[in-house]
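Novice: The structure follows.
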Amino acid sequence: MSVAGLRRAAHESVSGLPREFWWLWTSTLVNRLGGFVATFMALYLTLDRGYSASYAGLVAALHGLGGVVSSLGAGVMTDRLGRRPTMLIAQSSTAASVAVLGFMVHPVAIAAVAFVVGMASNASRPAVQAMMADIVRPEDRVRAFSLNYWAINLGFAVSSAGAGFVAEYSYLAGFLGEAAMTLACALVVFMKVPESRPEKAAVPERAAGGADEVRLSTVLRDGRFMSVVGLSFVIALIFQQGYVGLPVAMGADGFSSSDFGTAVAVNGVLIVVLQIPVTRFIQHRDPRRLLIVSSLLAGYGFGLTAFAGSVAVYALTICVWTVAEIVNSPIQTGLVVRLSPTQGRGRYQGMYTMSWSAAALIAPLMSGVVIDRFGAEWLWGTCAVLGTGAALGYWLLMRNLPGDGAASGSGGRAAESGGGEGSGVPAGAGAEPSVEPAG
């Protein structure tokens, strides 16, 4: 592609989005630049503190349990209290708890504070996703979600490599650095990001005599959406191994924290480089097939890790499952938005976020027990099986769904929510794009 073509593609990728989106994007970038705990907790506990892989898995699981506990509550807060207040409370609490975690030395205290960090850090996700759906036009959401995901991984690529070397000298500096960056993220939201929650009186279903409020029971009764949540859990369980199973396995093989930081930084770098062009490539293709293919790539990308014996080979396997992440995340996120009625976006996003939080709870327990008892090769084989199962699940879920014409027509969720959110089924070319993570 020529320089002029690259410039035109870049302009088309970023133009037309509201200013509020870019401030939210900036806060996301700042937050991820400080990422440390989720990436290096396992290495901190096993290499620096000398605990077993099972204990490291327990602490990471408690971190995930905190996210499970806060997900639904944060979704309700997002709908009732507002997007902006929920983000401010969550980010301020995260900054304080991460700083405290860095000073904990007793194993019970470490586990307890890790649980609080999990609650606080996860609470902002439903609000961020709901706000993006509020402020960005439906036809631009494919780009908005991809750009936000791009910011997440740009920050991750920088922080993971830098924090890996910081950890060689002081893990405490990493904890305090994350606390400072999270606090800066909260300041950006406080100063620049306005509230976006839709007014209840403006929701069409109220005028039509529909339900006054979407409740958690409404979400649980939505069979199609809950099926997506279940499959999301399986996919998240696989991807979580890049941050809980992989560092433990590399540490057991004699690699240092900087080796892991260098290898896993490939994930962020590839997403930074490929996310936007890949999104342009896939946005008019059948998302049903893409979800199936991405599930297989995720499972077998981690499966290939069983054959890794050097940093270079580890990095190569990361390339495979990173492609799966690039494809799966924006499509899945857009599908969740399409299935969510306007007035219930917070609760729907909270339930979707809970699938990732639940995976963050189960994945460390799974990886710790499997590695300690059977060896890392069994963990990577399990990932391959899970990826195959997820692909089959997507095929079964989507094979009877209406095609493009139905997706772009009226009825279904569109009729329930005034037609503003699409039909609630994946869209192909000519319909509102289906476009995750978070993590």
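Following the order of the structure tokens, chains are lettered A, B, ..., residues in each are numbered from 1, and ligands are numbered from 1.
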Residues near Gly82 (chain A), anyone? I mean within 10 Å using only C-alpha atoms, not counting same-chain ones fewer than 5 positions away, as a PyMOL selection string.
Specialist: chain A and resi 75-77+87+127+130-131+195-198+346
Novice: Take the residues just selected and output them with N, CA, C and O atoms as a compact mmCIF listing (two decimals), in the first residue's frame.
Specialist:
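result-v3.txt, written as the output of this step:
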# COMPACT_ATOMS: atom_id res chain seq x y z
N GLY A 75 -22.44 -3.33 37.19
CA GLY A 75 -23.42 -3.16 36.11
C GLY A 75 -24.66 -2.42 36.58
O GLY A 75 -25.17 -1.53 35.89
N VAL A 76 -25.14 -2.78 37.77
CA VAL A 76 -26.30 -2.09 38.33
C VAL A 76 -25.95 -0.63 38.64
O VAL A 76 -26.73 0.29 38.35
N MET A 77 -24.77 -0.38 39.21
CA MET A 77 -24.33 0.99 39.48
C MET A 77 -24.27 1.81 38.19
O MET A 77 -24.64 2.99 38.16
N MET A 87 -17.05 4.78 37.19
CA MET A 87 -15.64 4.73 36.82
C MET A 87 -14.76 5.41 37.85
O MET A 87 -13.69 4.92 38.20
N ALA A 127 -19.02 0.06 32.97
CA ALA A 127 -19.27 1.48 32.74
C ALA A 127 -18.58 1.97 31.47
O ALA A 127 -19.15 2.74 30.68
N ALA A 130 -20.43 0.47 28.42
CA ALA A 130 -21.74 1.10 28.25
C ALA A 130 -21.60 2.53 27.74
O ALA A 130 -22.38 2.97 26.89
N MET A 131 -20.62 3.28 28.25
CA MET A 131 -20.43 4.65 27.81
C MET A 131 -20.05 4.71 26.33
O MET A 131 -20.54 5.57 25.59
N GLU A 195 -21.00 12.60 31.79
CA GLU A 195 -21.93 11.49 31.94
C GLU A 195 -22.67 11.25 30.62
O GLU A 195 -23.00 12.19 29.90
N SER A 196 -22.94 9.99 30.31
CA SER A 196 -23.60 9.65 29.04
C SER A 196 -24.84 8.79 29.23
O SER A 196 -25.46 8.40 28.23
N ARG A 197 -25.22 8.49 30.45
CA ARG A 197 -26.35 7.60 30.67
C ARG A 197 -27.62 8.16 30.03
O ARG A 197 -27.98 9.31 30.27
N PRO A 198 -28.31 7.36 29.21
CA PRO A 198 -29.54 7.85 28.57
C PRO A 198 -30.62 8.15 29.61
O PRO A 198 -30.72 7.46 30.63
N GLY A 346 -25.74 -1.41 31.23
CA GLY A 346 -24.85 -1.66 32.36
C GLY A 346 -24.98 -3.08 32.88
O GLY A 346 -23.98 -3.76 33.12
Novice: Within 12 Å of region 327-334 of chain A, which residues of region 170-285 of chain A show up? Give each one with its shortest atom-to-atom distance in Å (one decimal) and the two atoms involved, counting only C-alpha atoms, rows by chain then rising residue number, as JSON lines.
Specialist:
{"residue": "A:Phe225", "atom": "CA", "partner": "A:Gln332", "partner_atom": "CA", "distance": 11.2}
{"residue": "A:Val228", "atom": "CA", "partner": "A:Gln332", "partner_atom": "CA", "distance": 8.4}
{"residue": "A:Val229", "atom": "CA", "partner": "A:Gln332", "partner_atom": "CA", "distance": 9.7}
{"residue": "A:Leu231", "atom": "CA", "partner": "A:Gln332", "partner_atom": "CA", "distance": 10.0}
{"residue": "A:Ser232", "atom": "CA", "partner": "A:Gln332", "partner_atom": "CA", "distance": 8.0}
{"residue": "A:Phe233", "atom": "CA", "partner": "A:Gln332", "partner_atom": "CA", "distance": 11.6}
{"residue": "A:Ile235", "atom": "CA", "partner": "A:Asn328", "partner_atom": "CA", "distance": 9.0}
{"residue": "A:Ala236", "atom": "CA", "partner": "A:Ser329", "partner_atom": "CA", "distance": 10.0}
{"residue": "A:Phe239", "atom": "CA", "partner": "A:Ser329", "partner_atom": "CA", "distance": 10.9}
{"residue": "A:Ile271", "atom": "CA", "partner": "A:Val327", "partner_atom": "CA", "distance": 10.0}
{"residue": "A:Leu274", "atom": "CA", "partner": "A:Val327", "partner_atom": "CA", "distance": 10.1}
{"residue": "A:Gln275", "atom": "CA", "partner": "A:Val327", "partner_atom": "CA", "distance": 8.2}
{"residue": "A:Ile276", "atom": "CA", "partner": "A:Val327", "partner_atom": "CA", "distance": 10.6}
{"residue": "A:Pro277", "atom": "CA", "partner": "A:Val327", "partner_atom": "CA", "distance": 11.0}
{"residue": "A:Val278", "atom": "CA", "partner": "A:Val327", "partner_atom": "CA", "distance": 7.5}
{"residue": "A:Thr279", "atom": "CA", "partner": "A:Val327", "partner_atom": "CA", "distance": 7.5}
{"residue": "A:Arg280", "atom": "CA", "partner": "A:Val327", "partner_atom": "CA", "distance": 10.9}
{"residue": "A:Phe281", "atom": "CA", "partner": "A:Val327", "partner_atom": "CA", "distance": 10.1}
{"residue": "A:Ile282", "atom": "CA", "partner": "A:Val327", "partner_atom": "CA", "distance": 7.8}
{"residue": "A:Gln283", "atom": "CA", "partner": "A:Ile331", "partner_atom": "CA", "distance": 8.5}
{"residue": "A:His284", "atom": "CA", "partner": "A:Ile331", "partner_atom": "CA", "distance": 11.2}
{"residue": "A:Arg285", "atom": "CA", "partner": "A:Ile331", "partner_atom": "CA", "distance": 10.7}
Novice: Calculate how many Å separate CA of Arg221 (chain A) from CA of Leu335 (chain A), rounding to one decimal.
Specialist: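 We find that CA of Arg221 (chain A) and CA of Leu335 (chain A) lie 17.4 Å from each other.
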Novice: Please indicate the distance in Å from CA of Val269 (chain A) to CA of Leu290 (chain A), rounded to one decimal place.
Specialist: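 CA of Leu290 (chain A) lies 21.7 Å from CA of Val269 (chain A).
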Novice: Hey, what's within 12 Å of region 20-28 of chain A if we count only C-alpha atoms and toss same-chain stuff fewer than 5 positions away? As a PyMOL selection string, please?
Specialist: chain A and resi 14-15+33-35+83-84+87-88+91+124-125+127-137+140-141+143-156+181-196+437-439
Novice: Could you check the closest approach to Trp356 (chain A) for each of A:Met41, A:Val68, A:Leu246, A:Leu62 and tell me which residue wins, using only C-alpha atoms?
Specialist: A:Val68
Novice: Of the candidates A:Leu17, A:Val272, A:Val214, A:Ala99, which shows the shortest atom-to-atom distance to Arg80 (chain A), using only C-alpha atoms?
Specialist: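 Counting only C-alpha atoms, the residue closest to Arg80 (chain A) is A:Val214.
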Novice: Please report, as JSON lines, each residue of region 281-302 of chain A lying at most 9 Å from region 364-387 of chain A, together with the nearest pair of atoms and the separation in Å rounded to one decimal; use only C-alpha atoms, and order rows by chain and ascending residue number.
Specialist:
{"residue": "A:Ser294", "atom": "CA", "partner": "A:Gly387", "partner_atom": "CA", "distance": 8.7}
{"residue": "A:Ser295", "atom": "CA", "partner": "A:Gly387", "partner_atom": "CA", "distance": 5.1}
{"residue": "A:Leu296", "atom": "CA", "partner": "A:Gly387", "partner_atom": "CA", "distance": 5.1}
{"residue": "A:Leu297", "atom": "CA", "partner": "A:Gly387", "partner_atom": "CA", "distance": 7.5}
{"residue": "A:Ala298", "atom": "CA", "partner": "A:Gly387", "partner_atom": "CA", "distance": 6.1}
{"residue": "A:Gly299", "atom": "CA", "partner": "A:Gly387", "partner_atom": "CA", "distance": 3.9}
{"residue": "A:Tyr300", "atom": "CA", "partner": "A:Ala384", "partner_atom": "CA", "distance": 4.8}
{"residue": "A:Gly301", "atom": "CA", "partner": "A:Ala384", "partner_atom": "CA", "distance": 7.7}
{"residue": "A:Phe302", "atom": "CA", "partner": "A:Trp380", "partner_atom": "CA", "distance": 5.6}
Novice: Would you mind telling me which residue in A:Ile318, A:Val37, A:Leu43, A:Leu172 lies nearest to Val248 (chain A) when using only C-alpha atoms?
Specialist: A:Leu43
Novice: So which bits of region 115-351 of chain A end up alpha helix (DSSP H) when you DSSP the backbone, as a ChimeraX atom specification?
Specialist: /A:115-122,125-135,141-169,171-192,204-207,216-221,223-239,245-252,257-282,287-303,311-338,345-351
Novice: Nearest to Tyr243 (chain A): which of A:Gly16, A:Gly261, A:Gly393, A:Pro85 is it, counting only C-alpha atoms?
Specialist: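 Going through A:Gly16, A:Gly261, A:Gly393, A:Pro85 one by one, the smallest distance to Tyr243 (chain A) is for A:Gly261.
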Novice: Just checking: using only C-alpha atoms, which residue out of A:Tyr51, A:Val59, A:Ile238, A:Ser340 ends up closest to Ala359 (chain A)?
Specialist: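 Smallest separation from Ala359 (chain A) among the options: A:Ile238.
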Novice: As an exercise, work out the distance from CA of Ala42 (chain A) to CA of Ala56 (chain A) in Å and give it to one decimal place.
Specialist: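 According to the coordinates, CA of Ala42 (chain A) and CA of Ala56 (chain A) are separated by 5.4 Å.
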Novice: Looking at only C-alpha atoms, which of A:Trp395, A:Thr322, A:Ala114, A:Asp79 is the one that sits closest to Thr342 (chain A)?
Specialist: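 Distance minimum relative to Thr342 (chain A) lands on A:Asp79.
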